[in-house]
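For reference, input-v9.tsv (TSV, N, CA and C atoms and all ligand atoms):
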```tsv
chain	number	residue	atom	x	y	z
A	1	MET	N	4.89	-8.99	12.11
A	1	MET	CA	6.04	-9.39	11.31
A	1	MET	C	5.57	-9.80	9.92
A	2	PHE	N	6.24	-9.28	8.92
A	2	PHE	CA	5.88	-9.64	7.56
A	2	PHE	C	6.72	-10.82	7.11
A	3	VAL	N	6.06	-11.85	6.59
A	3	VAL	CA	6.75	-13.04	6.10
A	3	VAL	C	6.41	-13.23	4.63
A	4	ASP	N	7.42	-13.29	3.80
A	4	ASP	CA	7.21	-13.52	2.38
A	4	ASP	C	6.82	-14.98	2.17
A	5	VAL	N	5.61	-15.19	1.69
A	5	VAL	CA	5.08	-16.54	1.53
A	5	VAL	C	5.91	-17.35	0.54
A	6	ASN	N	6.43	-16.67	-0.47
A	6	ASN	CA	7.13	-17.38	-1.54
A	6	ASN	C	8.61	-17.58	-1.28
A	7	LYS	N	9.11	-16.94	-0.23
A	7	LYS	CA	10.53	-17.06	0.07
A	7	LYS	C	10.83	-18.44	0.65
A	8	ASN	N	11.97	-18.95	0.28
A	8	ASN	CA	12.39	-20.25	0.81
A	8	ASN	C	13.15	-20.04	2.11
A	9	TYR	N	12.57	-20.50	3.20
A	9	TYR	CA	13.19	-20.31	4.50
A	9	TYR	C	14.07	-21.48	4.92
A	10	ASP	N	14.34	-22.36	3.97
A	10	ASP	CA	15.16	-23.53	4.25
A	10	ASP	C	16.56	-23.08	4.67
A	11	THR	N	17.01	-23.58	5.80
A	11	THR	CA	18.31	-23.16	6.33
A	11	THR	C	19.44	-24.06	5.81
A	12	GLY	N	19.08	-25.09	5.08
A	12	GLY	CA	20.08	-25.99	4.53
A	12	GLY	C	20.44	-27.10	5.49
A	13	ASN	N	19.97	-27.02	6.69
A	13	ASN	CA	20.22	-28.06	7.68
A	13	ASN	C	19.10	-29.09	7.60
A	14	PRO	N	19.42	-30.35	7.24
A	14	PRO	CA	18.39	-31.38	7.05
A	14	PRO	C	17.51	-31.60	8.29
A	15	GLY	N	18.08	-31.39	9.47
A	15	GLY	CA	17.31	-31.62	10.70
A	15	GLY	C	16.46	-30.43	11.10
A	16	ASP	N	16.63	-29.32	10.40
A	16	ASP	CA	15.94	-28.09	10.76
A	16	ASP	C	14.56	-28.05	10.12
A	17	THR	N	13.54	-28.03	10.94
A	17	THR	CA	12.16	-28.03	10.43
A	17	THR	C	11.55	-26.63	10.46
A	18	SER	N	12.36	-25.60	10.73
A	18	SER	CA	11.80	-24.25	10.85
A	18	SER	C	11.15	-23.77	9.55
A	19	ALA	N	11.73	-24.19	8.38
A	19	ALA	CA	11.16	-23.78	7.10
A	19	ALA	C	9.75	-24.35	6.96
A	20	VAL	N	9.59	-25.60	7.33
A	20	VAL	CA	8.28	-26.25	7.27
A	20	VAL	C	7.31	-25.55	8.22
A	21	LYS	N	7.82	-25.20	9.41
A	21	LYS	CA	6.98	-24.54	10.41
A	21	LYS	C	6.49	-23.19	9.88
A	22	VAL	N	7.39	-22.43	9.26
A	22	VAL	CA	7.03	-21.12	8.71
A	22	VAL	C	5.98	-21.28	7.62
A	23	GLN	N	6.16	-22.29	6.75
A	23	GLN	CA	5.20	-22.53	5.67
A	23	GLN	C	3.83	-22.91	6.22
A	24	THR	N	3.83	-23.77	7.25
A	24	THR	CA	2.56	-24.16	7.88
A	24	THR	C	1.89	-22.96	8.51
A	25	TRP	N	2.69	-22.14	9.21
A	25	TRP	CA	2.18	-20.94	9.85
A	25	TRP	C	1.58	-20.01	8.80
A	26	ASN	N	2.29	-19.84	7.68
A	26	ASN	CA	1.79	-19.00	6.59
A	26	ASN	C	0.45	-19.50	6.09
A	27	ARG	N	0.37	-20.81	5.87
A	27	ARG	CA	-0.88	-21.39	5.37
A	27	ARG	C	-2.03	-21.13	6.34
A	28	ASN	N	-1.73	-21.30	7.64
A	28	ASN	CA	-2.77	-21.08	8.66
A	28	ASN	C	-3.24	-19.64	8.67
A	29	VAL	N	-2.28	-18.71	8.57
A	29	VAL	CA	-2.63	-17.28	8.57
A	29	VAL	C	-3.45	-16.95	7.33
A	30	ILE	N	-3.04	-17.48	6.18
A	30	ILE	CA	-3.75	-17.22	4.93
A	30	ILE	C	-5.18	-17.78	5.02
A	31	THR	N	-5.32	-19.00	5.52
A	31	THR	CA	-6.65	-19.61	5.66
A	31	THR	C	-7.52	-18.77	6.57
A	32	GLU	N	-6.94	-18.29	7.67
A	32	GLU	CA	-7.67	-17.47	8.64
A	32	GLU	C	-8.13	-16.15	7.99
A	33	LEU	N	-7.22	-15.51	7.25
A	33	LEU	CA	-7.53	-14.25	6.59
A	33	LEU	C	-8.60	-14.43	5.51
A	34	GLU	N	-8.50	-15.54	4.77
A	34	GLU	CA	-9.49	-15.80	3.72
A	34	GLU	C	-10.87	-16.02	4.32
A	35	ALA	N	-10.93	-16.71	5.45
A	35	ALA	CA	-12.21	-16.93	6.12
A	35	ALA	C	-12.78	-15.60	6.61
A	36	GLU	N	-11.91	-14.76	7.16
A	36	GLU	CA	-12.34	-13.45	7.65
A	36	GLU	C	-12.83	-12.59	6.49
A	37	LEU	N	-12.10	-12.63	5.37
A	37	LEU	CA	-12.46	-11.85	4.18
A	37	LEU	C	-13.82	-12.29	3.65
A	38	SER	N	-14.03	-13.59	3.56
A	38	SER	CA	-15.31	-14.07	3.04
A	38	SER	C	-16.45	-13.68	3.99
A	39	GLY	N	-16.16	-13.64	5.28
A	39	GLY	CA	-17.15	-13.20	6.27
A	39	GLY	C	-17.51	-11.74	6.06
A	40	VAL	N	-16.48	-10.91	5.80
A	40	VAL	CA	-16.69	-9.48	5.57
A	40	VAL	C	-17.47	-9.27	4.27
A	41	GLU	N	-17.09	-10.01	3.21
A	41	GLU	CA	-17.79	-9.88	1.93
A	41	GLU	C	-19.26	-10.27	2.08
A	42	HIS	N	-19.49	-11.33	2.85
A	42	HIS	CA	-20.86	-11.79	3.08
A	42	HIS	C	-21.66	-10.72	3.83
A	43	ALA	N	-21.01	-10.11	4.84
A	43	ALA	CA	-21.67	-9.07	5.63
A	43	ALA	C	-22.00	-7.86	4.74
A	44	LEU	N	-21.08	-7.51	3.83
A	44	LEU	CA	-21.31	-6.38	2.93
A	44	LEU	C	-22.48	-6.67	1.99
A	45	THR	N	-22.57	-7.90	1.49
A	45	THR	CA	-23.67	-8.29	0.62
A	45	THR	C	-25.00	-8.17	1.37
A	46	ARG	N	-24.99	-8.61	2.62
A	46	ARG	CA	-26.20	-8.51	3.45
A	46	ARG	C	-26.57	-7.06	3.67
A	47	LEU	N	-25.55	-6.21	3.85
A	47	LEU	CA	-25.78	-4.77	4.05
A	47	LEU	C	-26.40	-4.16	2.79
A	48	GLU	N	-25.83	-4.52	1.62
A	48	GLU	CA	-26.33	-3.99	0.33
A	48	GLU	C	-27.79	-4.40	0.10
A	49	LYS	N	-28.10	-5.64	0.48
A	49	LYS	CA	-29.46	-6.15	0.28
A	49	LYS	C	-30.42	-5.63	1.35
A	50	GLY	N	-29.86	-4.98	2.37
A	50	GLY	CA	-30.69	-4.46	3.45
A	50	GLY	C	-31.19	-5.53	4.40
A	51	ILE	N	-30.48	-6.67	4.42
A	51	ILE	CA	-30.90	-7.77	5.31
A	51	ILE	C	-29.84	-8.06	6.37
A	52	TYR	N	-29.01	-7.05	6.64
A	52	TYR	CA	-27.90	-7.23	7.59
A	52	TYR	C	-28.38	-7.58	8.99
A	53	ASP	N	-29.63	-7.18	9.33
A	53	ASP	CA	-30.13	-7.45	10.68
A	53	ASP	C	-31.17	-8.57	10.70
A	54	THR	N	-31.17	-9.39	9.63
A	54	THR	CA	-32.12	-10.49	9.56
A	54	THR	C	-31.39	-11.82	9.77
A	55	CYS	N	-31.90	-12.63	10.67
A	55	CYS	CA	-31.31	-13.94	10.95
A	55	CYS	C	-31.44	-14.84	9.72
A	56	GLU	N	-30.35	-15.46	9.30
A	56	GLU	CA	-30.37	-16.34	8.13
A	56	GLU	C	-31.11	-17.64	8.41
A	57	GLN	N	-31.29	-17.93	9.67
A	57	GLN	CA	-31.94	-19.18	10.05
A	57	GLN	C	-33.46	-19.03	10.12
A	58	CYS	N	-33.92	-18.00	10.85
A	58	CYS	CA	-35.36	-17.89	11.10
A	58	CYS	C	-35.98	-16.61	10.54
A	59	GLY	N	-35.16	-15.66	10.10
A	59	GLY	CA	-35.69	-14.43	9.53
A	59	GLY	C	-36.05	-13.38	10.56
A	60	ASN	N	-35.84	-13.67	11.83
A	60	ASN	CA	-36.09	-12.68	12.87
A	60	ASN	C	-35.02	-11.60	12.85
A	61	LYS	N	-35.33	-10.47	13.45
A	61	LYS	CA	-34.37	-9.37	13.52
A	61	LYS	C	-33.27	-9.69	14.53
A	62	ILE	N	-32.04	-9.34	14.15
A	62	ILE	CA	-30.92	-9.47	15.07
A	62	ILE	C	-30.79	-8.13	15.79
A	63	ASP	N	-30.56	-8.19	17.09
A	63	ASP	CA	-30.46	-6.97	17.88
A	63	ASP	C	-29.31	-6.10	17.37
A	64	LEU	N	-29.59	-4.81	17.16
A	64	LEU	CA	-28.61	-3.88	16.60
A	64	LEU	C	-27.34	-3.80	17.44
A	65	SER	N	-27.50	-3.91	18.76
A	65	SER	CA	-26.33	-3.82	19.64
A	65	SER	C	-25.39	-5.02	19.41
A	66	GLU	N	-25.99	-6.16	19.04
A	66	GLU	CA	-25.18	-7.35	18.75
A	66	GLU	C	-24.40	-7.18	17.45
A	67	ILE	N	-25.05	-6.54	16.46
A	67	ILE	CA	-24.39	-6.30	15.17
A	67	ILE	C	-23.24	-5.30	15.35
A	68	GLN	N	-23.48	-4.31	16.23
A	68	GLN	CA	-22.43	-3.33	16.49
A	68	GLN	C	-21.23	-3.99	17.16
A	69	GLU	N	-21.51	-4.99	17.98
A	69	GLU	CA	-20.45	-5.70	18.68
A	69	GLU	C	-19.67	-6.60	17.71
A	70	ASP	N	-20.40	-7.30	16.83
A	70	ASP	CA	-19.78	-8.16	15.83
A	70	ASP	C	-20.53	-8.03	14.51
A	71	PRO	N	-20.04	-7.15	13.62
A	71	PRO	CA	-20.74	-6.87	12.36
A	71	PRO	C	-20.86	-8.08	11.43
A	72	LEU	N	-20.13	-9.16	11.73
A	72	LEU	CA	-20.15	-10.31	10.84
A	72	LEU	C	-21.18	-11.37	11.22
A	73	ILE	N	-21.93	-11.13	12.28
A	73	ILE	CA	-22.92	-12.13	12.68
A	73	ILE	C	-24.05	-12.18	11.66
A	74	THR	N	-24.55	-13.38	11.43
A	74	THR	CA	-25.61	-13.57	10.43
A	74	THR	C	-26.84	-14.24	11.03
A	75	ARG	N	-26.76	-14.56	12.31
A	75	ARG	CA	-27.88	-15.24	12.95
A	75	ARG	C	-28.25	-14.59	14.27
A	76	CYS	N	-29.51	-14.76	14.66
A	76	CYS	CA	-29.96	-14.22	15.93
A	76	CYS	C	-29.32	-15.03	17.07
A	77	GLN	N	-29.50	-14.49	18.27
A	77	GLN	CA	-28.87	-15.11	19.44
A	77	GLN	C	-29.27	-16.59	19.58
A	78	GLN	N	-30.52	-16.87	19.25
A	78	GLN	CA	-31.06	-18.22	19.39
A	78	GLN	C	-30.34	-19.21	18.46
A	79	HIS	N	-29.96	-18.75	17.27
A	79	HIS	CA	-29.39	-19.65	16.28
A	79	HIS	C	-27.88	-19.47	16.10
A	80	ARG	N	-27.27	-18.67	16.96
A	80	ARG	CA	-25.86	-18.36	16.83
A	80	ARG	C	-24.98	-19.60	16.88
A	81	GLY	N	-25.23	-20.48	17.79
A	81	GLY	CA	-24.38	-21.63	18.04
A	81	GLY	C	-24.28	-22.60	16.86
A	82	CYS	N	-25.28	-22.61	15.98
A	82	CYS	CA	-25.32	-23.58	14.88
A	82	CYS	C	-24.10	-23.46	13.96
A	83	ILE	N	-24.18	-22.55	13.01
A	83	ILE	CA	-23.08	-22.31	12.08
A	83	ILE	C	-22.88	-20.81	12.03
A	84	ARG	N	-21.66	-20.38	11.93
A	84	ARG	CA	-21.43	-18.94	11.85
A	84	ARG	C	-21.43	-18.51	10.40
B	101	ZN	ZN	-32.76	-16.99	14.22
```

Would you put the structure from the file into structure tokens?
Ligand SMILES: [Zn+2]
Amino acid sequence: MFVDVNKNYDTGNPGDTSAVKVQTWNRNVITELEAELSGVEHALTRLEKGIYDTCEQCGNKIDLSEIQEDPLITRCQQHRGCIR
């Protein structure tokens, strides 16, 4: 469903919080998409530099099958849990 972020969804009913809910939902979706986009941009930079399969934590090689499963990973299996 496409939701216009700038549209006012206020129904005019003071007790109706649906407009606020839609705005909060929009913000959450936007935040989620921005995080995903920055992850993709970071992965592309790593690809350009030829370090897409190098762990950012220890410098070890990340298994190719893991990268194929999730192209946005930046750390080896050992360091995955720390920060993504
Ligand atoms: Zn590592």

Write out as a compact mmCIF listing (two decimals) with N, CA and C atoms, in the frame of the given file the residues lying within 6 Å of A:Glu56, counting all atoms listed in the file and excluding same-chain residues fewer than 3 positions away.
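Listed below is the output, part_8.txt:
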```
# COMPACT_ATOMS: atom_id res chain seq x y z
N GLY A 59 -35.16 -15.66 10.10
CA GLY A 59 -35.69 -14.43 9.53
C GLY A 59 -36.05 -13.38 10.56
N THR A 74 -24.55 -13.38 11.43
CA THR A 74 -25.61 -13.57 10.43
C THR A 74 -26.84 -14.24 11.03
N ARG A 75 -26.76 -14.56 12.31
CA ARG A 75 -27.88 -15.24 12.95
C ARG A 75 -28.25 -14.59 14.27
N CYS A 76 -29.51 -14.76 14.66
CA CYS A 76 -29.96 -14.22 15.93
C CYS A 76 -29.32 -15.03 17.07
```

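When atom CA of A:Gln23 is paired with atom CA of A:His42, their separation reads 28.3 Å.
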
Hey, could you make a per-residue contact list for chain A against ligand ZN 101 (chain B) with 10 Å as the cut-off, showing the nearest pair of atoms and its distance in Å to one decimal, counting only C-alpha atoms and all ligand atoms, sorted by chain and number, as a Markdown table?
```
| residue | atom | partner | partner_atom | distance |
| --- | --- | --- | --- | --- |
| A:Thr54 | CA | B:ZN101 | ZN | 8.0 |
| A:Cys55 | CA | B:ZN101 | ZN | 4.7 |
| A:Glu56 | CA | B:ZN101 | ZN | 6.6 |
| A:Gln57 | CA | B:ZN101 | ZN | 4.8 |
| A:Cys58 | CA | B:ZN101 | ZN | 4.2 |
| A:Gly59 | CA | B:ZN101 | ZN | 6.1 |
| A:Asn60 | CA | B:ZN101 | ZN | 5.6 |
| A:Lys61 | CA | B:ZN101 | ZN | 7.8 |
| A:Ile62 | CA | B:ZN101 | ZN | 7.8 |
| A:Thr74 | CA | B:ZN101 | ZN | 8.8 |
| A:Arg75 | CA | B:ZN101 | ZN | 5.3 |
| A:Cys76 | CA | B:ZN101 | ZN | 4.3 |
| A:Gln77 | CA | B:ZN101 | ZN | 6.8 |
| A:Gln78 | CA | B:ZN101 | ZN | 5.6 |
| A:His79 | CA | B:ZN101 | ZN | 4.8 |
| A:Arg80 | CA | B:ZN101 | ZN | 7.5 |
| A:Cys82 | CA | B:ZN101 | ZN | 10.0 |
```

Apply DSSP to the structure's backbone, then extract all residues of chain A labelled alpha helix (DSSP H) and return them as number ranges by chain. A: 18-49, 64-69

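Atom pair atom N of A:Val40 / atom CA of A:Pro71 has a distance of 8.8 Å (rounded to one decimal).
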
As a ChimeraX atom specification, please: the residues near A:Ala43 (cut-off 7 Å, only N, CA and C atoms, same-chain neighbours under 2 positions excluded). /A:38-41,45-48,52,71-73

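Across the structure, atom CA of A:Val29 and atom CA of A:Glu69 are spaced 23.5 Å apart.
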
Padding 5 Å on every side, please: axis-aligned box over the listed atoms of stretch 52-55 of chain A, centre and edge lengths to one decimal in Å, as AutoDock Vina command-line options.
```
--center_x -30.0 --center_y -10.9 --center_z 8.8 --size_x 14.2 --size_y 17.8 --size_z 14.3
```
